[in-house]
Amino acid sequence: MRQFTSVKDVADISALVTEALVLKRNPFAYKDLGRNKTLGLIFLNPSLRTRLSSQKAAANLGMEAIVMNIDKEGWALETQDGVIMNGTTVEHIREAAGVMGQYFDILAIRSFPGLKDRDEDYSEDILNKFIKFSGIPLISLESGTRHPLQSLADLITITENKPEGRRPKVVLTWAPHVKALPQAVPNSFAEWMCAAEVDFVITHPEGYELDTQFTNGATITYNQEEALADADFIYVKNWSSFQDYGKVLSTDQSWLLTQERLGVTNNAKVMHCLPVRRGMELSHDILDGPNSLVIQEAGNRVWAAQAVLKRMLETNFSPA
Ligand code: SN0
């Protein structure tokens with residue numbers, strides 16, 4: 001594995017989930033695999049789980065992690081080619097990424113979409129430039145269109161909690177929010193669920209259709225109650241419009257998932273990638289009740305990151 005930026009980088013997702021669950025039971029079995037190897041964790045946006053779980057995963061593999069919040073601590077980055085840099089940007093991504101390639105063995109990068117120019121965000125220009133100019137293996141920590149480590153942790157969590165002997169029904173539901181948020185988490189969740197052994201339904205208000213490249217194979221409905229019927233897992237997430245790009249078209253609180261609404265489900269487990277706006281995006285009663293998986297799900301971020309780092313160390317570097 002040279003890159004981990006989407007589900008397409010993984011030949012067998014259930015094998016990767018199995019590997020993560022083996023690591024969860026025995027975190028230090030490969031404690032020498034990453035000896036003398038350095039992971040660069042570069043953030044252009046805030047992070048709690050992604051940063052901490054990646055650092056812990058690297059430590060479990062004996063790897064050193066160096067974190068840089070480049071948006072706050074670095075030089076203002078220029079990403080466009082051919083511009084005369086006589087304005088506010090100080091350093092070009094060509095040099096910044098090239099230098100990181102000298103310091104690190106694996107580069108991991110978070111770069112949220114700007115939510116203004118759809119073509120620019122969906123071209124994954126920044127992620128692709130870090131891949132190209134660093135010249136080293138790269139892991140996405142959430143990019144313009146995807147958050148694959150989150151989706152892997154989500155699939156691990158579903159695997160741990162699924163009913164015996166049948167395919168679980170998994171529902172992705174849109175939820176209201178005060179801000180315009182990326183489509184990266186729902187895009188990524190959808191493409192992983194479409195590739196997994198689950199029955200997958202997406203529900204959202206009109207105008208919130210995701211890019212079909214991520215949702216091919218899913219059942220899509222505007223009727224949340226119909227979607228929730230007999231659900232085993234409900235994945236709650238807000239996103240801004242893809243069609244009317246980056247816009248908040250609705251803050252309709254009737255989409256807020258509450259404990260009462262779980263009545264039509266198969267006592268569904270509720271998931272969210274966090275951070276969550278309590279009372280706005282997901283009810284207090286669900287978050288504080290027995291159906292919530294959000295803390296376990298966040299815990300599984302470690303094993304997702306560790307499984308991916310292990311694969312990358314094994315395939316890109318000969319044993320120390
Ligand atoms: C990000 C998102 O993509 O939705 C990161 C999720 C892992 N979430 C936010 O930016 C939340 C911001 C807010 O104000 O609630």
# chains A, B, ... in the order shown; residues from 1 in each chain; ligands from 1

$ select_by_dssp --residues "segment 48-281 of chain A" --states "helix (DSSP H, G or I)" --output "PyMOL selection string"
chain A and resi 49-60+70-73+93-103+118-122+125-134+148-161+184-195+212-215+224-228+253-255+260-264

$ residues_near_ligand --ligand "ligand 1" --cutoff "6 Å" --atoms "only C-alpha atoms and all ligand atoms" --output "PDB file with all heavy atoms, in the first residue's frame"
ATOM      1  N   LEU A 181     -20.716  22.106   6.457  1.00  0.00           N
ATOM      2  CA  LEU A 181     -19.660  21.106   6.684  1.00  0.00           C
ATOM      3  C   LEU A 181     -19.348  20.372   5.382  1.00  0.00           C
ATOM      4  O   LEU A 181     -20.180  20.286   4.480  1.00  0.00           O
ATOM      5  CB  LEU A 181     -20.100  20.101   7.745  1.00  0.00           C
ATOM      6  CG  LEU A 181     -20.339  20.621   9.163  1.00  0.00           C
ATOM      7  CD1 LEU A 181     -20.504  19.449  10.115  1.00  0.00           C
ATOM      8  CD2 LEU A 181     -19.225  21.531   9.648  1.00  0.00           C
ATOM      9  N   PRO A 182     -18.149  19.822   5.306  1.00  0.00           N
ATOM     10  CA  PRO A 182     -17.751  19.057   4.109  1.00  0.00           C
ATOM     11  C   PRO A 182     -18.643  17.835   3.855  1.00  0.00           C
ATOM     12  O   PRO A 182     -19.313  17.346   4.765  1.00  0.00           O
ATOM     13  CB  PRO A 182     -16.332  18.589   4.454  1.00  0.00           C
ATOM     14  CG  PRO A 182     -15.856  19.493   5.539  1.00  0.00           C
ATOM     15  CD  PRO A 182     -17.070  19.907   6.303  1.00  0.00           C
ATOM     16  N   ALA A 184     -17.065  15.165   2.971  1.00  0.00           N
ATOM     17  CA  ALA A 184     -16.014  14.139   3.010  1.00  0.00           C
ATOM     18  C   ALA A 184     -16.404  12.918   3.845  1.00  0.00           C
ATOM     19  O   ALA A 184     -16.210  11.774   3.396  1.00  0.00           O
ATOM     20  CB  ALA A 184     -14.715  14.746   3.548  1.00  0.00           C
ATOM     21  N   VAL A 185     -16.938  13.134   5.040  1.00  0.00           N
ATOM     22  CA  VAL A 185     -17.267  11.993   5.897  1.00  0.00           C
ATOM     23  C   VAL A 185     -18.400  11.153   5.292  1.00  0.00           C
ATOM     24  O   VAL A 185     -18.253   9.941   5.145  1.00  0.00           O
ATOM     25  CB  VAL A 185     -17.559  12.444   7.346  1.00  0.00           C
ATOM     26  CG1 VAL A 185     -18.146  11.298   8.165  1.00  0.00           C
ATOM     27  CG2 VAL A 185     -16.285  12.978   8.002  1.00  0.00           C
ATOM     28  N   CYS A 273     -19.060  10.449  13.696  1.00  0.00           N
ATOM     29  CA  CYS A 273     -17.594  10.506  13.652  1.00  0.00           C
ATOM     30  C   CYS A 273     -17.017  11.424  14.729  1.00  0.00           C
ATOM     31  O   CYS A 273     -15.830  11.334  15.038  1.00  0.00           O
ATOM     32  CB  CYS A 273     -17.139  10.979  12.273  1.00  0.00           C
ATOM     33  SG  CYS A 273     -17.665  12.659  11.869  1.00  0.00           S
ATOM     34  N   LEU A 274     -17.855  12.333  15.284  1.00  0.00           N
ATOM     35  CA  LEU A 274     -17.415  13.352  16.243  1.00  0.00           C
ATOM     36  C   LEU A 274     -16.441  14.331  15.558  1.00  0.00           C
ATOM     37  O   LEU A 274     -15.718  13.898  14.668  1.00  0.00           O
ATOM     38  CB  LEU A 274     -16.780  12.746  17.492  1.00  0.00           C
ATOM     39  CG  LEU A 274     -17.630  11.701  18.255  1.00  0.00           C
ATOM     40  CD1 LEU A 274     -16.851  11.208  19.478  1.00  0.00           C
ATOM     41  CD2 LEU A 274     -18.981  12.259  18.675  1.00  0.00           C
ATOM     42  N   PRO A 275     -16.419  15.594  15.913  1.00  0.00           N
ATOM     43  CA  PRO A 275     -17.168  16.210  17.017  1.00  0.00           C
ATOM     44  C   PRO A 275     -18.641  16.371  16.653  1.00  0.00           C
ATOM     45  O   PRO A 275     -18.966  16.595  15.491  1.00  0.00           O
ATOM     46  CB  PRO A 275     -16.502  17.580  17.157  1.00  0.00           C
ATOM     47  CG  PRO A 275     -16.040  17.917  15.771  1.00  0.00           C
ATOM     48  CD  PRO A 275     -15.608  16.604  15.174  1.00  0.00           C
TER      49      PRO A 275
END

$ closest_residue --among "A:Thr251, A:Thr79, A:Ser111, A:Asn316" --to "Glu95 of chain A" --atoms "only C-alpha atoms"
A:Thr79

$ residues_around --residues "segment 9-23 of chain A" --least-positions-apart "2" --cutoff "9 Å" --atoms "only C-alpha atoms" --output "JSON, numbers by chain"
{"A": [1, 2, 3, 4, 5, 6, 7, 25, 26, 27, 28, 29, 30, 152, 153, 155, 156, 159, 160, 192, 195, 196, 197, 300, 302, 303, 304, 305, 306, 307, 308, 311]}

$ write_last_selection --atoms "C-alpha atoms" --output "PDB file, in the first residue's frame"
ATOM      1  CA  MET A   1       0.000   0.000   0.000  1.00  0.00           C
ATOM      2  CA  ARG A   2       1.613   3.218  -1.207  1.00  0.00           C
ATOM      3  CA  GLN A   3      -1.339   5.502  -0.516  1.00  0.00           C
ATOM      4  CA  PHE A   4      -4.377   5.408   1.719  1.00  0.00           C
ATOM      5  CA  THR A   5      -6.736   8.061   0.395  1.00  0.00           C
ATOM      6  CA  SER A   6      -9.889   6.101  -0.523  1.00  0.00           C
ATOM      7  CA  VAL A   7     -11.488   2.655  -0.400  1.00  0.00           C
ATOM      8  CA  ARG A  25      -6.317  -7.571  20.843  1.00  0.00           C
ATOM      9  CA  ASN A  26      -2.520  -7.405  20.706  1.00  0.00           C
ATOM     10  CA  PRO A  27      -1.414  -3.777  20.144  1.00  0.00           C
ATOM     11  CA  PHE A  28       2.325  -4.311  20.644  1.00  0.00           C
ATOM     12  CA  ALA A  29       2.846  -7.425  18.507  1.00  0.00           C
ATOM     13  CA  TYR A  30       4.667  -5.311  15.883  1.00  0.00           C
ATOM     14  CA  LEU A 152     -12.292   2.141   8.221  1.00  0.00           C
ATOM     15  CA  ALA A 153     -12.885   2.731  11.967  1.00  0.00           C
ATOM     16  CA  LEU A 155     -16.493  -0.527   9.424  1.00  0.00           C
ATOM     17  CA  ILE A 156     -14.469  -2.013  12.301  1.00  0.00           C
ATOM     18  CA  THR A 159     -18.142  -5.535  12.366  1.00  0.00           C
ATOM     19  CA  GLU A 160     -17.798  -5.679  16.168  1.00  0.00           C
ATOM     20  CA  TRP A 192     -17.003   2.016   2.159  1.00  0.00           C
ATOM     21  CA  ALA A 195     -18.124  -2.033  -0.810  1.00  0.00           C
ATOM     22  CA  ALA A 196     -18.998  -3.826   2.466  1.00  0.00           C
ATOM     23  CA  GLU A 197     -21.322  -6.750   3.208  1.00  0.00           C
ATOM     24  CA  ASN A 300     -11.346   2.216  16.920  1.00  0.00           C
ATOM     25  CA  VAL A 302      -6.379   3.787  16.729  1.00  0.00           C
ATOM     26  CA  TRP A 303      -6.732   0.310  15.201  1.00  0.00           C
ATOM     27  CA  ALA A 304      -7.715   1.713  11.828  1.00  0.00           C
ATOM     28  CA  ALA A 305      -4.613   3.916  11.761  1.00  0.00           C
ATOM     29  CA  GLN A 306      -2.402   1.121  13.087  1.00  0.00           C
ATOM     30  CA  ALA A 307      -3.596  -1.384  10.469  1.00  0.00           C
ATOM     31  CA  VAL A 308      -2.928   1.120   7.674  1.00  0.00           C
ATOM     32  CA  ARG A 311       0.519  -2.295   5.829  1.00  0.00           C
TER      33      ARG A 311
END

$ closest_residue --among "A:Val198, A:Leu41, A:Val248, A:Leu287" --to "Val170 of chain A" --atoms "only C-alpha atoms"
A:Val198

$ residues_around --residues "Ala227 of chain A" --least-positions-apart "4" --cutoff "7 Å" --atoms "only C-alpha atoms" --output "PyMOL selection string"
chain A and resi 171+201+203+221+223

$ write_last_selection --atoms "N, CA and C atoms" --output "PDB file, in the first residue's frame"
ATOM      1  N   VAL A 171     -27.939   2.655   7.959  1.00  0.00           N
ATOM      2  CA  VAL A 171     -28.573   3.862   7.413  1.00  0.00           C
ATOM      3  C   VAL A 171     -27.683   5.074   7.690  1.00  0.00           C
ATOM      4  N   VAL A 201     -28.619   2.202   3.178  1.00  0.00           N
ATOM      5  CA  VAL A 201     -29.648   3.187   2.823  1.00  0.00           C
ATOM      6  C   VAL A 201     -29.150   4.574   3.235  1.00  0.00           C
ATOM      7  N   THR A 203     -30.481   8.625   3.719  1.00  0.00           N
ATOM      8  CA  THR A 203     -31.645   9.506   3.756  1.00  0.00           C
ATOM      9  C   THR A 203     -31.223  10.939   4.069  1.00  0.00           C
ATOM     10  N   THR A 221     -33.407   7.743  -0.078  1.00  0.00           N
ATOM     11  CA  THR A 221     -34.783   8.208   0.121  1.00  0.00           C
ATOM     12  C   THR A 221     -34.799   9.520   0.899  1.00  0.00           C
ATOM     13  N   ASN A 223     -37.302  10.150   2.835  1.00  0.00           N
ATOM     14  CA  ASN A 223     -38.170   9.846   3.977  1.00  0.00           C
ATOM     15  C   ASN A 223     -37.355   9.161   5.075  1.00  0.00           C
TER      16      ASN A 223
END

$ select_by_dssp --residues "segment 76-169 of chain A" --states "strand (DSSP E)" --output "ChimeraX atom specification"
/A:77-78,91-92,106-110,138-140,169
